[in-house]
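A.B. asks: This is the content of upload.cif (mmCIF, C-alpha atoms and all ligand atoms):
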data_input
#
loop_
_atom_site.label_atom_id
_atom_site.label_comp_id
_atom_site.auth_asym_id
_atom_site.auth_seq_id
_atom_site.Cartn_x
_atom_site.Cartn_y
_atom_site.Cartn_z
CA MET A 1 239.83 76.59 277.90
CA CYS A 2 239.99 73.19 276.24
CA PRO A 3 239.76 73.07 272.42
CA GLY A 4 236.25 73.61 271.15
CA SER A 5 235.02 74.92 274.47
CA ARG A 6 233.95 78.52 274.98
CA GLN A 7 232.59 80.84 277.55
CA ASN A 8 228.83 80.70 277.61
CA LEU A 9 227.15 83.85 278.86
CA ARG A 10 223.92 82.71 280.37
CA ALA A 11 220.95 84.64 281.72
CA GLY A 12 221.93 86.67 284.78
CA GLY A 13 225.49 87.13 283.50
CA ALA A 14 226.85 83.86 284.93
CA VAL A 15 229.82 82.64 282.93
CA SER A 16 230.37 78.93 282.32
CA GLU A 17 232.96 77.14 280.22
CA SER A 18 231.53 74.26 278.24
CA LYS A 19 231.22 72.88 274.75
CA PRO A 20 228.80 74.86 272.58
CA GLN A 21 225.40 73.14 272.64
CA VAL A 22 224.05 72.51 269.17
CA VAL A 23 220.66 71.05 268.35
CA LEU A 24 220.60 69.28 264.99
CA GLY A 25 216.99 69.03 263.85
CA VAL A 26 216.47 66.53 261.07
CA SER A 27 213.22 66.39 259.15
CA GLY A 28 211.88 63.70 256.87
CA GLY A 29 213.59 63.93 253.52
CA ILE A 30 215.97 61.65 251.70
CA ALA A 31 218.78 64.15 252.41
CA ALA A 32 218.56 63.11 256.09
CA TYR A 33 221.52 60.80 255.46
CA LYS A 34 223.69 63.83 254.63
CA ALA A 35 222.97 65.23 258.11
CA CYS A 36 225.14 62.37 259.48
CA GLU A 37 228.15 64.08 257.88
CA LEU A 38 227.12 67.46 259.31
CA LEU A 39 226.75 65.81 262.73
CA ARG A 40 230.21 64.28 262.46
CA ARG A 41 231.77 67.64 261.58
CA LEU A 42 230.00 69.35 264.47
CA THR A 43 231.04 66.76 267.07
CA GLU A 44 234.62 66.50 265.77
CA SER A 45 235.02 70.29 266.03
CA GLY A 46 234.11 70.29 269.72
CA HIS A 47 230.35 70.82 269.81
CA ASP A 48 227.95 68.91 272.02
CA VAL A 49 225.19 67.91 269.60
CA ARG A 50 221.70 66.80 270.49
CA VAL A 51 219.93 65.34 267.44
CA VAL A 52 216.18 65.91 267.31
CA PRO A 53 214.69 64.10 264.33
CA THR A 54 211.05 64.21 263.30
CA ALA A 55 209.14 60.91 263.22
CA SER A 56 209.39 60.96 259.40
CA ALA A 57 213.15 61.51 259.52
CA LEU A 58 213.47 58.24 261.44
CA HIS A 59 212.13 56.42 258.34
CA PHE A 60 215.29 57.53 256.54
CA VAL A 61 217.94 57.28 259.28
CA GLY A 62 217.25 55.45 262.55
CA ALA A 63 217.67 56.70 266.12
CA ALA A 64 220.58 54.30 266.71
CA THR A 65 222.69 56.09 264.09
CA TRP A 66 221.98 59.55 265.51
CA SER A 67 222.62 58.37 269.04
CA ALA A 68 225.88 56.59 268.20
CA LEU A 69 227.23 59.53 266.19
CA SER A 70 226.23 62.21 268.72
CA GLY A 71 226.84 60.31 271.94
CA ASN A 72 223.52 61.66 273.21
CA PRO A 73 220.02 60.21 273.61
CA VAL A 74 217.68 60.68 270.67
CA SER A 75 213.96 61.11 270.61
CA ALA A 76 211.39 62.59 268.27
CA GLU A 77 208.60 62.74 270.84
CA VAL A 78 207.79 64.99 273.78
CA TRP A 79 206.63 61.92 275.79
CA ASP A 80 210.09 60.37 276.36
CA ASP A 81 212.03 61.30 279.53
CA VAL A 82 209.21 63.62 280.55
CA HIS A 83 210.80 64.25 283.99
CA GLU A 84 213.60 66.12 282.18
CA VAL A 85 211.07 68.36 280.42
CA PRO A 86 212.88 67.94 277.08
CA HIS A 87 210.30 69.90 275.08
CA VAL A 88 211.53 73.13 276.69
CA ARG A 89 214.96 72.25 278.08
CA ILE A 90 216.64 71.30 274.78
CA GLY A 91 215.72 74.60 273.09
CA GLN A 92 216.41 76.74 276.15
CA THR A 93 219.97 75.49 276.60
CA ALA A 94 220.97 75.50 272.92
CA ASP A 95 223.59 77.88 271.54
CA LEU A 96 222.52 77.06 267.98
CA VAL A 97 219.69 75.12 266.35
CA VAL A 98 220.29 73.90 262.81
CA VAL A 99 217.59 72.04 260.89
CA ALA A 100 219.07 70.03 258.02
CA PRO A 101 217.32 68.96 255.95
CA ALA A 102 214.34 71.23 256.57
CA THR A 103 211.33 69.95 254.63
CA ALA A 104 208.45 72.11 253.38
CA ASP A 105 206.36 70.64 256.22
CA THR A 106 208.87 71.56 258.94
CA LEU A 107 209.33 75.09 257.52
CA ALA A 108 205.54 75.53 257.52
CA LYS A 109 205.21 74.30 261.10
CA ALA A 110 208.07 76.53 262.26
CA ALA A 111 206.65 79.58 260.47
CA HIS A 112 203.23 79.03 262.06
CA GLY A 113 204.47 78.17 265.53
CA LEU A 114 203.05 74.62 265.65
CA ALA A 115 204.40 72.45 268.43
CA GLY A 116 203.32 68.87 267.80
CA ASP A 117 206.65 67.14 268.28
CA LEU A 118 210.01 67.59 269.99
CA LEU A 119 211.65 69.49 267.09
CA THR A 120 208.89 72.07 266.73
CA ASN A 121 208.77 72.53 270.54
CA THR A 122 212.52 73.04 270.50
CA LEU A 123 212.22 75.68 267.77
CA LEU A 124 209.64 77.57 269.84
CA THR A 125 211.69 77.55 273.01
CA ALA A 126 215.08 78.32 271.43
CA ARG A 127 216.36 81.87 271.97
CA CYS A 128 219.63 81.26 270.14
CA PRO A 129 220.40 81.65 266.40
CA VAL A 130 218.49 79.24 264.17
CA VAL A 131 219.65 77.97 260.76
CA PHE A 132 217.41 76.11 258.33
CA ALA A 133 218.88 74.19 255.39
CA PRO A 134 215.84 73.36 253.23
CA ALA A 135 215.78 70.41 250.83
CA MET A 136 212.82 69.44 248.72
CA HIS A 137 211.63 69.18 245.14
CA THR A 138 211.82 72.37 243.09
CA GLU A 139 208.02 72.69 242.84
CA MET A 140 207.63 72.51 246.61
CA TRP A 141 210.43 75.04 247.16
CA GLU A 142 208.99 77.47 244.61
CA HIS A 143 205.41 77.16 245.88
CA PRO A 144 204.17 80.51 247.27
CA ALA A 145 203.26 78.79 250.55
CA THR A 146 206.86 77.67 251.09
CA GLN A 147 208.29 80.99 249.92
CA GLU A 148 206.02 82.90 252.32
CA ASN A 149 207.01 80.61 255.19
CA VAL A 150 210.70 81.13 254.36
CA ALA A 151 210.18 84.92 254.24
CA THR A 152 208.44 84.78 257.64
CA LEU A 153 211.27 82.78 259.20
CA ARG A 154 213.88 85.14 257.74
CA ARG A 155 211.98 88.19 258.95
CA ARG A 156 212.06 86.74 262.45
CA GLY A 157 215.84 86.36 262.31
CA ALA A 158 216.41 82.78 261.17
CA VAL A 159 219.10 82.11 258.58
CA VAL A 160 217.45 80.10 255.79
CA ILE A 161 220.10 78.77 253.42
CA GLU A 162 219.07 78.75 249.76
CA PRO A 163 218.98 75.16 248.47
CA ALA A 164 221.53 74.14 245.88
CA VAL A 165 220.74 73.32 242.26
CA GLY A 166 221.40 69.76 241.14
CA ARG A 167 220.19 66.18 241.16
CA LEU A 168 217.11 65.59 243.33
CA THR A 169 215.48 62.31 244.31
CA GLY A 170 214.78 60.13 241.29
CA VAL A 171 215.71 61.52 237.90
CA ASP A 172 214.75 65.15 238.61
CA THR A 173 217.24 67.98 238.69
CA GLY A 174 216.65 71.56 239.80
CA LYS A 175 216.77 73.83 242.82
CA GLY A 176 216.03 72.06 246.09
CA ARG A 177 219.10 70.00 246.82
CA LEU A 178 220.65 70.10 250.29
CA PRO A 179 223.94 72.03 250.05
CA ASP A 180 227.15 70.16 250.78
CA PRO A 181 227.22 69.27 254.54
CA GLY A 182 230.72 70.77 254.85
CA GLU A 183 229.36 74.09 253.60
CA ILE A 184 226.33 73.92 255.96
CA PHE A 185 228.85 73.34 258.73
CA GLU A 186 230.69 76.51 257.67
CA VAL A 187 227.45 78.51 257.95
CA CYS A 188 226.82 77.03 261.44
CA ARG A 189 230.36 77.87 262.50
CA ARG A 190 229.99 81.47 261.36
CA VAL A 191 226.54 81.91 262.93
CA LEU A 192 227.72 80.37 266.20
CA ALA A 193 230.81 82.58 266.26
CA ARG A 194 228.72 85.73 265.89
CA GLY A 195 225.96 84.46 268.19
CA VAL A 196 223.43 87.07 267.08
CA THR A 197 219.77 86.22 266.64
CA ALA A 198 219.02 89.08 264.22
CA PRO A 199 221.24 88.68 261.14
CA ASP A 200 222.09 92.20 259.99
CA LEU A 201 222.12 91.39 256.25
CA ALA A 202 218.70 89.68 256.27
CA GLY A 203 216.59 90.81 253.33
CA ARG A 204 219.64 92.24 251.53
CA HIS A 205 221.07 91.14 248.20
CA VAL A 206 224.83 91.42 247.96
CA VAL A 207 227.10 90.74 245.00
CA VAL A 208 230.69 89.63 245.47
CA SER A 209 233.26 89.07 242.74
CA ALA A 210 236.12 86.67 243.43
CA GLY A 211 239.13 85.06 241.77
CA GLY A 212 241.19 86.32 238.88
CA THR A 213 240.19 86.83 235.27
CA ARG A 214 241.99 85.03 232.44
CA GLU A 215 242.42 86.80 229.14
CA PRO A 216 242.96 84.26 226.35
CA LEU A 217 245.76 84.62 223.81
CA ASP A 218 245.02 81.45 221.90
CA PRO A 219 243.13 78.19 222.67
CA VAL A 220 245.80 77.06 225.16
CA ARG A 221 247.25 80.25 226.68
CA PHE A 222 246.00 83.15 228.70
CA LEU A 223 247.17 86.20 230.64
CA GLY A 224 246.15 85.68 234.24
CA ASN A 225 246.99 86.54 237.82
CA ARG A 226 247.60 84.77 241.09
CA SER A 227 244.34 85.51 242.92
CA SER A 228 242.99 82.35 244.60
CA GLY A 229 239.48 83.70 245.21
CA LYS A 230 239.59 82.80 248.92
CA GLN A 231 238.94 86.35 250.16
CA GLY A 232 235.91 86.71 247.89
CA TYR A 233 234.57 83.31 249.00
CA ALA A 234 235.05 84.35 252.64
CA LEU A 235 233.01 87.48 251.89
CA ALA A 236 230.26 85.38 250.29
CA ARG A 237 230.19 82.85 253.16
CA THR A 238 230.08 85.48 255.89
CA ALA A 239 227.36 87.44 254.08
CA ALA A 240 225.23 84.29 253.75
CA ALA A 241 225.71 83.53 257.46
CA ARG A 242 224.54 87.11 258.19
CA GLY A 243 221.32 86.39 256.30
CA ALA A 244 222.04 87.97 252.89
CA ARG A 245 221.04 86.64 249.50
CA VAL A 246 224.44 86.36 247.86
CA THR A 247 225.49 86.29 244.21
CA LEU A 248 229.13 85.27 243.84
CA VAL A 249 230.68 86.01 240.45
CA ALA A 250 233.62 83.61 240.47
CA ALA A 251 236.50 83.95 238.02
CA ASN A 252 238.55 80.76 237.65
CA THR A 253 238.60 79.71 241.30
CA GLY A 254 237.96 75.95 241.49
CA LEU A 255 236.70 76.38 245.09
CA PRO A 256 233.58 74.58 246.40
CA ASP A 257 230.31 76.54 246.14
CA PRO A 258 229.46 78.07 249.54
CA ALA A 259 226.07 76.92 250.90
CA GLY A 260 223.16 79.13 249.96
CA VAL A 261 225.19 81.25 247.55
CA ASP A 262 224.29 81.69 243.89
CA VAL A 263 227.60 81.15 242.07
CA VAL A 264 228.03 82.58 238.55
CA PRO A 265 231.24 81.28 236.95
CA VAL A 266 233.07 83.60 234.53
CA GLY A 267 236.38 83.56 232.69
CA THR A 268 237.39 86.97 231.34
CA ALA A 269 237.08 90.58 232.54
CA VAL A 270 234.40 91.26 229.93
CA GLN A 271 232.34 88.26 231.13
CA LEU A 272 232.86 89.32 234.74
CA ARG A 273 231.63 92.84 233.96
CA GLU A 274 228.48 91.49 232.32
CA ALA A 275 227.69 89.11 235.23
CA VAL A 276 228.42 91.70 237.94
CA LEU A 277 226.36 94.46 236.29
CA LYS A 278 223.43 92.06 235.78
CA ALA A 279 223.46 90.91 239.42
CA ALA A 280 224.09 94.45 240.71
CA ALA A 281 220.82 95.71 239.17
CA ASP A 282 218.89 94.85 242.36
CA ALA A 283 221.79 94.60 244.83
CA ASP A 284 222.16 96.55 248.06
CA ALA A 285 225.94 96.20 248.00
CA VAL A 286 228.64 95.09 245.56
CA VAL A 287 232.09 94.01 246.70
CA MET A 288 234.72 93.74 243.99
CA ALA A 289 237.25 91.33 245.49
CA ALA A 290 238.20 89.84 242.10
CA ALA A 291 241.54 90.61 240.51
CA VAL A 292 240.37 91.90 237.16
CA ALA A 293 242.94 92.11 234.38
CA ASP A 294 243.42 95.71 233.28
CA PHE A 295 244.46 94.60 229.79
CA ARG A 296 243.66 91.79 227.37
CA PRO A 297 245.37 90.67 224.17
CA ALA A 298 244.19 92.84 221.29
CA ALA A 299 243.75 89.77 219.13
CA TYR A 300 242.79 86.18 219.89
CA ALA A 301 244.52 83.57 217.73
CA GLU A 302 242.04 80.88 216.70
CA GLY A 303 244.86 78.35 216.41
CA LYS A 304 247.76 77.76 218.80
CA ILE A 305 250.54 80.32 218.32
CA LYS A 306 253.57 78.35 217.05
CA LYS A 307 257.29 78.97 217.35
CA ARG A 308 258.79 79.99 214.05
CA GLU A 309 262.30 78.63 213.46
CA GLY A 310 264.93 81.36 213.50
CA LYS A 311 262.41 84.15 214.10
CA GLU A 312 261.78 86.30 217.16
CA PRO A 313 258.31 85.96 218.71
CA GLU A 314 255.71 88.56 217.74
CA PRO A 315 255.05 91.11 220.50
CA VAL A 316 251.63 90.76 222.13
CA ALA A 317 249.54 93.91 221.67
CA LEU A 318 247.17 94.67 224.56
CA VAL A 319 243.99 96.72 224.87
CA ARG A 320 242.33 98.13 228.01
CA ASN A 321 239.60 96.17 229.77
CA PRO A 322 236.61 98.02 231.22
CA ASP A 323 237.07 99.16 234.82
CA VAL A 324 234.10 97.47 236.46
CA LEU A 325 234.56 99.04 239.90
CA ALA A 326 234.76 102.59 238.51
CA GLU A 327 231.69 101.94 236.33
CA LEU A 328 229.66 100.50 239.25
CA SER A 329 230.63 103.46 241.44
CA ALA A 330 229.87 106.14 238.86
CA ASP A 331 226.59 104.66 237.73
CA ARG A 332 224.88 103.10 240.78
CA ALA A 333 222.14 100.67 239.83
CA ARG A 334 220.13 101.70 242.91
CA PRO A 335 220.23 104.83 245.02
CA GLY A 336 222.26 104.17 248.14
CA GLN A 337 223.91 101.04 246.75
CA VAL A 338 227.21 100.50 248.61
CA VAL A 339 230.23 99.75 246.42
CA VAL A 340 233.43 98.27 247.85
CA GLY A 341 236.73 97.81 246.05
CA PHE A 342 239.96 96.04 246.85
CA ALA A 343 243.42 97.37 246.16
CA ALA A 344 246.36 95.05 245.94
CA GLU A 345 249.50 97.12 246.28
CA THR A 346 253.19 96.32 246.52
CA ASP A 347 254.56 99.82 247.44
CA ASP A 348 253.33 102.98 249.17
CA VAL A 349 250.32 100.95 250.16
CA LEU A 350 248.23 103.58 251.98
CA ALA A 351 249.04 106.51 249.70
CA ASN A 352 248.22 104.44 246.61
CA GLY A 353 245.05 103.21 248.35
CA ARG A 354 243.80 106.72 249.08
CA ASP A 355 244.50 107.76 245.53
CA LYS A 356 242.71 104.68 244.17
CA LEU A 357 239.66 105.24 246.39
CA ARG A 358 239.32 108.73 244.92
CA ARG A 359 239.85 107.58 241.32
CA LYS A 360 237.44 104.66 241.53
CA GLY A 361 234.72 106.57 243.40
CA CYS A 362 233.70 103.65 245.64
CA ASP A 363 232.48 103.93 249.25
CA LEU A 364 235.06 101.63 250.81
CA LEU A 365 238.42 100.35 249.63
CA VAL A 366 240.15 97.39 251.25
CA VAL A 367 243.86 97.98 250.81
CA ASN A 368 246.28 95.14 251.27
CA GLU A 369 249.89 94.57 250.53
CA VAL A 370 250.68 91.77 248.13
CA GLY A 371 253.91 90.12 247.11
CA GLU A 372 255.58 86.81 246.64
CA ARG A 373 254.50 85.31 249.96
CA ARG A 374 251.73 87.69 250.99
CA THR A 375 248.00 87.22 250.59
CA PHE A 376 247.80 85.15 247.38
CA GLY A 377 246.43 81.71 248.14
CA SER A 378 246.89 82.06 251.89
CA GLU A 379 244.15 81.59 254.48
CA GLU A 380 245.01 84.86 256.16
CA ASN A 381 245.07 88.52 255.29
CA GLU A 382 245.87 91.91 256.78
CA ALA A 383 244.45 95.18 255.48
CA VAL A 384 243.27 98.69 256.06
CA VAL A 385 239.74 99.60 254.99
CA LEU A 386 239.56 103.19 253.75
CA GLY A 387 236.20 104.99 253.65
CA ALA A 388 235.21 107.74 251.24
CA ASP A 389 234.20 109.64 254.40
CA GLY A 390 237.86 109.68 255.48
CA SER A 391 237.60 106.74 257.89
CA GLU A 392 240.46 104.27 258.24
CA THR A 393 239.88 100.84 259.78
CA PRO A 394 242.96 98.67 260.26
CA VAL A 395 242.32 94.92 260.24
CA PRO A 396 245.13 92.98 261.94
CA HIS A 397 246.66 89.85 260.44
CA GLY A 398 244.08 87.06 260.75
CA PRO A 399 241.70 84.75 258.90
CA LYS A 400 240.19 86.07 255.66
CA GLU A 401 236.78 85.56 257.29
CA ALA A 402 237.65 88.14 259.96
CA LEU A 403 238.48 90.70 257.28
CA ALA A 404 235.25 89.74 255.49
CA ASP A 405 233.21 90.35 258.65
CA THR A 406 234.88 93.74 259.13
CA VAL A 407 233.93 94.68 255.56
CA TRP A 408 230.27 93.77 256.24
CA ASP A 409 230.42 95.60 259.60
CA LEU A 410 231.39 98.72 257.63
CA VAL A 411 228.86 98.10 254.83
CA VAL A 412 225.82 97.60 257.10
CA PRO A 413 225.61 101.17 258.52
CA ARG A 414 226.08 102.58 255.00
CA LEU A 415 223.12 100.65 253.53
CA ALA A 416 220.18 102.81 252.56
N1 LIG B 1 238.94 96.40 239.04
C1 LIG B 1 237.86 96.41 238.17
N2 LIG B 1 238.09 96.39 236.82
C2 LIG B 1 239.34 96.41 236.35
C3 LIG B 1 240.45 96.41 237.23
C4 LIG B 1 240.21 96.40 238.58
O1 LIG B 1 236.73 96.41 238.60
N3 LIG B 1 239.53 96.40 235.03
C5 LIG B 1 238.67 96.45 240.49
C6 LIG B 1 239.16 95.26 241.29
O2 LIG B 1 238.16 94.28 241.43
C7 LIG B 1 239.48 95.91 242.63
C8 LIG B 1 239.87 97.32 242.28
O3 LIG B 1 239.36 97.55 240.98
O4 LIG B 1 238.35 95.99 243.45
C9 LIG B 1 241.34 97.63 242.28
O5 LIG B 1 242.07 96.82 241.46
P1 LIG B 1 243.63 97.07 241.22
O6 LIG B 1 244.09 96.06 240.24
O7 LIG B 1 244.35 97.13 242.50
O8 LIG B 1 243.60 98.53 240.65
P2 LIG B 1 243.84 99.05 239.21
O9 LIG B 1 242.63 99.72 238.72
O10 LIG B 1 244.33 97.94 238.38
O11 LIG B 1 244.94 100.15 239.45
P3 LIG B 1 246.55 100.05 239.27
O12 LIG B 1 246.79 99.18 238.10
O13 LIG B 1 246.92 101.47 239.07
O14 LIG B 1 247.06 99.50 240.55
#
How does this structure look as structure tokens?
C.D. replies:
Amino acid sequence: MCPGSRQNLRAGGAVSESKPQVVLGVSGGIAAYKACELLRRLTESGHDVRVVPTASALHFVGAATWSALSGNPVSAEVWDDVHEVPHVRIGQTADLVVVAPATADTLAKAAHGLAGDLLTNTLLTARCPVVFAPAMHTEMWEHPATQENVATLRRRGAVVIEPAVGRLTGVDTGKGRLPDPGEIFEVCRRVLARGVTAPDLAGRHVVVSAGGTREPLDPVRFLGNRSSGKQGYALARTAAARGARVTLVAANTGLPDPAGVDVVPVGTAVQLREAVLKAAADADAVVMAAAVADFRPAAYAEGKIKKREGKEPEPVALVRNPDVLAELSADRARPGQVVVGFAAETDDVLANGRDKLRRKGCDLLVVNEVGERRTFGSEENEAVVLGADGSETPVPHGPKEALADTVWDLVVPRLA
């Protein structure tokens, strides 16, 4: 197979090798210009993209731009090229439809099955996964009409990405901003890879902790660890692409916010505990991928600790931090809440993992070996997921996203 191509399983079982067919629906909001970047990423990664703008979207970005960037004809109407029956053909042959930006109007039309233009016809005929990336003013997003339309679309299996918080058109700021196009692309990539039209985490709230806590000694120094946060971010991204509402408690990561994920930045173990427990109150599952410091300095020096000529340095006294995973497991915020831990081990990996699973009381424990060149900061991981029920699921060396998907595959059947 050439790069970017894949085997398409079509009706009747016939197998064809071709580029994945993506429909990029663009509706009429100022964020339409950002869809050009999404289009570029999709085409450059080997997808055949057909752009279907609404008539309003063409006020913001013209057909010539969409056509030049996609290499395909562009129309908003059902009356162009009628002999090719585009109002059904484009949706029928798509492997993925992504609407970015999705305005309140387009969400409403999609939720109610209206079919007045090419995009809404395409949405009705598509039998592939559908992703909406809404963008609008905060008031419009929060309006019960929009929220009910979003709930309807999610119930039917669409992935509706939560808008980002930030600067909107004009001087306003708030929730309603189109997430970064690179992050929308990541959601599309994940959804396309799984190819399922019924996301199995739809309607679920999951909490993921990521990164490593820093325990300050003085205003310029801290005790920290080498966790990059990439595994936790992969868990958040994959959960969002499987339809979940995701809260990501991120300790000192510096990574870009995944699209549709509510990111809560924290610094120390105590702050992480507070943020995780708060978010866990209504969560269906909590995954503790963060490297939480077991100890913190007993005292914090308000001023920088100085060298003292001719004197040995003072030893640093440490105190225990709360064990968030053990606390979450022992005192579940909801009946049936699934709690997952991670164990980073250097020796006797499986034996230590089994012991840790018992001590922490969680449902699943992802055990991986760490060391100088293993796991930290890398894009790949290798692990064994131990279940409290005695199960053992090895995950071969591969992308952190693959491990993340395996974790969710194991979480889903355990959800109440
Ligand atoms: N963890 C936690 N709170 C802590 C320490 C760890 O919630 N204070 C969580 C981590 O997020 C991870 C799991 O516990 O999911 C295991 O962390 P690890 O550091 O491997 O285990 P420890 O409890 O530190 O055990 P040990 O030091 O004996 O290896």
A.B. asks: 6 Å from ligand LIG 1 (chain B) is the threshold here; counting only C-alpha atoms and all ligand atoms, which polymer residues fall inside it? Answer as an MDAnalysis selection string.
C.D. replies: chainID A and resid 288:294 321:325 341:344
A.B. asks: Mind checking which residues fall within 10 Å of segment 185-192 of chain A, counting only C-alpha atoms, ignoring those fewer than 6 positions away in the same chain, and posting them as a VMD selection string?
C.D. replies: chain A and resid 20 to 22 37 to 42 45 95 to 98 128 to 133 159 161 199 237 to 243 258 to 260 401 405
A.B. asks: Would you kindly return, as a list of chain:residue names, each protein, DNA or RNA residue with an atom no farther than 10 Å from any atom of Thr406 of chain A, considering only C-alpha atoms and excluding same-chain residues fewer than 6 positions away?
C.D. replies: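 Here the qualifying residues turn out to be A:Leu235, A:Val385, A:Thr393, A:Pro394, A:Val395, A:Lys400.
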A.B. asks: Based on the selection just made, write C-alpha atoms of those residues as a CSV table (one decimal), keeping the file's coordinate frame.
C.D. replies:
chain,number,residue,atom,x,y,z
A,235,LEU,CA,233.0,87.5,251.9
A,385,VAL,CA,239.7,99.6,255.0
A,393,THR,CA,239.9,100.8,259.8
A,394,PRO,CA,243.0,98.7,260.3
A,395,VAL,CA,242.3,94.9,260.2
A,400,LYS,CA,240.2,86.1,255.7
A.B. asks: Measuring atom to atom with only C-alpha atoms, identify which of A:His59, A:Lys230, A:His143, A:Arg221 is nearest to Asp257 of chain A.
C.D. replies: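 Closest to Asp257 of chain A, using only C-alpha atoms: A:Lys230.
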A.B. asks: Quick one: of A:Leu223, A:Ala330, A:Leu277, A:Leu119, who's nearest to Arg358 of chain A, counting all atoms listed in the file?
C.D. replies: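 Looking at the shortest contact to Arg358 of chain A, the residue is A:Ala330.
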A.B. asks: Might you pull out every residue within 12 Å of Tyr300 of chain A, with all atoms listed in the file counted and same-chain residues fewer than 2 positions away left off, and present them as a PDB file with C-alpha atoms, keeping the file's coordinate frame?
C.D. replies:
ATOM      1  CA  GLU A 215     242.420  86.800 229.140  1.00  0.00           C
ATOM      2  CA  PRO A 216     242.960  84.260 226.350  1.00  0.00           C
ATOM      3  CA  LEU A 217     245.760  84.620 223.810  1.00  0.00           C
ATOM      4  CA  ASP A 218     245.020  81.450 221.900  1.00  0.00           C
ATOM      5  CA  PRO A 219     243.130  78.190 222.670  1.00  0.00           C
ATOM      6  CA  VAL A 220     245.800  77.060 225.160  1.00  0.00           C
ATOM      7  CA  ARG A 221     247.250  80.250 226.680  1.00  0.00           C
ATOM      8  CA  PHE A 222     246.000  83.150 228.700  1.00  0.00           C
ATOM      9  CA  LEU A 223     247.170  86.200 230.640  1.00  0.00           C
ATOM     10  CA  ARG A 296     243.660  91.790 227.370  1.00  0.00           C
ATOM     11  CA  PRO A 297     245.370  90.670 224.170  1.00  0.00           C
ATOM     12  CA  ALA A 298     244.190  92.840 221.290  1.00  0.00           C
ATOM     13  CA  GLU A 302     242.040  80.880 216.700  1.00  0.00           C
ATOM     14  CA  GLY A 303     244.860  78.350 216.410  1.00  0.00           C
ATOM     15  CA  LYS A 304     247.760  77.760 218.800  1.00  0.00           C
ATOM     16  CA  ILE A 305     250.540  80.320 218.320  1.00  0.00           C
ATOM     17  CA  VAL A 316     251.630  90.760 222.130  1.00  0.00           C
ATOM     18  CA  ALA A 317     249.540  93.910 221.670  1.00  0.00           C
ATOM     19  CA  LEU A 318     247.170  94.670 224.560  1.00  0.00           C
ATOM     20  CA  VAL A 319     243.990  96.720 224.870  1.00  0.00           C
TER      21      VAL A 319
END
A.B. asks: Using all atoms listed in the file for the distances, tell me which of A:Ala299, A:Ala388, A:Leu328, A:Leu255 is nearest to Asp355 of chain A.
C.D. replies: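 Comparing A:Ala299, A:Ala388, A:Leu328, A:Leu255 against Asp355 of chain A, the winner is A:Ala388.
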A.B. asks: Could you pull the residues within 9 Å of Val26 of chain A, counting all atoms listed in the file, minus those fewer than 2 positions along the same chain, as a PDB file with C-alpha atoms, keeping the file's coordinate frame?
C.D. replies:
ATOM      1  CA  LEU A  24     220.600  69.280 264.990  1.00  0.00           C
ATOM      2  CA  GLY A  28     211.880  63.700 256.870  1.00  0.00           C
ATOM      3  CA  GLY A  29     213.590  63.930 253.520  1.00  0.00           C
ATOM      4  CA  ALA A  32     218.560  63.110 256.090  1.00  0.00           C
ATOM      5  CA  ALA A  35     222.970  65.230 258.110  1.00  0.00           C
ATOM      6  CA  VAL A  51     219.930  65.340 267.440  1.00  0.00           C
ATOM      7  CA  VAL A  52     216.180  65.910 267.310  1.00  0.00           C
ATOM      8  CA  PRO A  53     214.690  64.100 264.330  1.00  0.00           C
ATOM      9  CA  THR A  54     211.050  64.210 263.300  1.00  0.00           C
ATOM     10  CA  ALA A  57     213.150  61.510 259.520  1.00  0.00           C
ATOM     11  CA  LEU A  58     213.470  58.240 261.440  1.00  0.00           C
ATOM     12  CA  VAL A  98     220.290  73.900 262.810  1.00  0.00           C
ATOM     13  CA  VAL A  99     217.590  72.040 260.890  1.00  0.00           C
ATOM     14  CA  ALA A 100     219.070  70.030 258.020  1.00  0.00           C
ATOM     15  CA  PRO A 101     217.320  68.960 255.950  1.00  0.00           C
ATOM     16  CA  ALA A 102     214.340  71.230 256.570  1.00  0.00           C
ATOM     17  CA  THR A 103     211.330  69.950 254.630  1.00  0.00           C
ATOM     18  CA  LEU A 119     211.650  69.490 267.090  1.00  0.00           C
TER      19      LEU A 119
END
A.B. asks: Would you mind reading off the distance between atom CA of Lys356 of chain A and atom CA of Val263 of chain A, one decimal, in Å?
C.D. replies: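 Going from atom CA of Lys356 of chain A over to atom CA of Val263 of chain A covers 28.0 Å.
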A.B. asks: Quote the spacing between atom CA of Asp172 of chain A and atom CA of His137 of chain A in Å to one decimal place.
C.D. replies: 8.3 Å
A.B. asks: Using Å and a single decimal, report how far atom CA of Val246 of chain A sits from atom CA of Val206 of chain A.
C.D. replies: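 Atom CA of Val206 of chain A sits 5.1 Å away from atom CA of Val246 of chain A.
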A.B. asks: From the list A:Gly71, A:Val150, A:Ala351, A:Met136, which residue is nearest Ala108 of chain A when using all atoms listed in the file?
C.D. replies: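 Under the stated criterion, the closest residue is A:Val150.
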A.B. asks: Fewer than 4 positions away in the same chain doesn't count, so skip those; otherwise give me all residues within 10 Å of Gly203 of chain A, counting all atoms listed in the file, as a list in words.
C.D. replies: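 Contacts, in chain order: Ala151, Arg154, Arg155, Pro199, Gly243, Ala244, Arg245 and Asp284 of chain A.
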A.B. asks: Go through A:Lys19, A:Arg308, A:Arg414, A:Arg320 one by one, measure the shortest atom-to-atom distance of each to Pro335 of chain A using all atoms listed in the file, and give the residue with the smallest value.
C.D. replies: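 Selected residue with least distance to Pro335 of chain A: A:Arg414.
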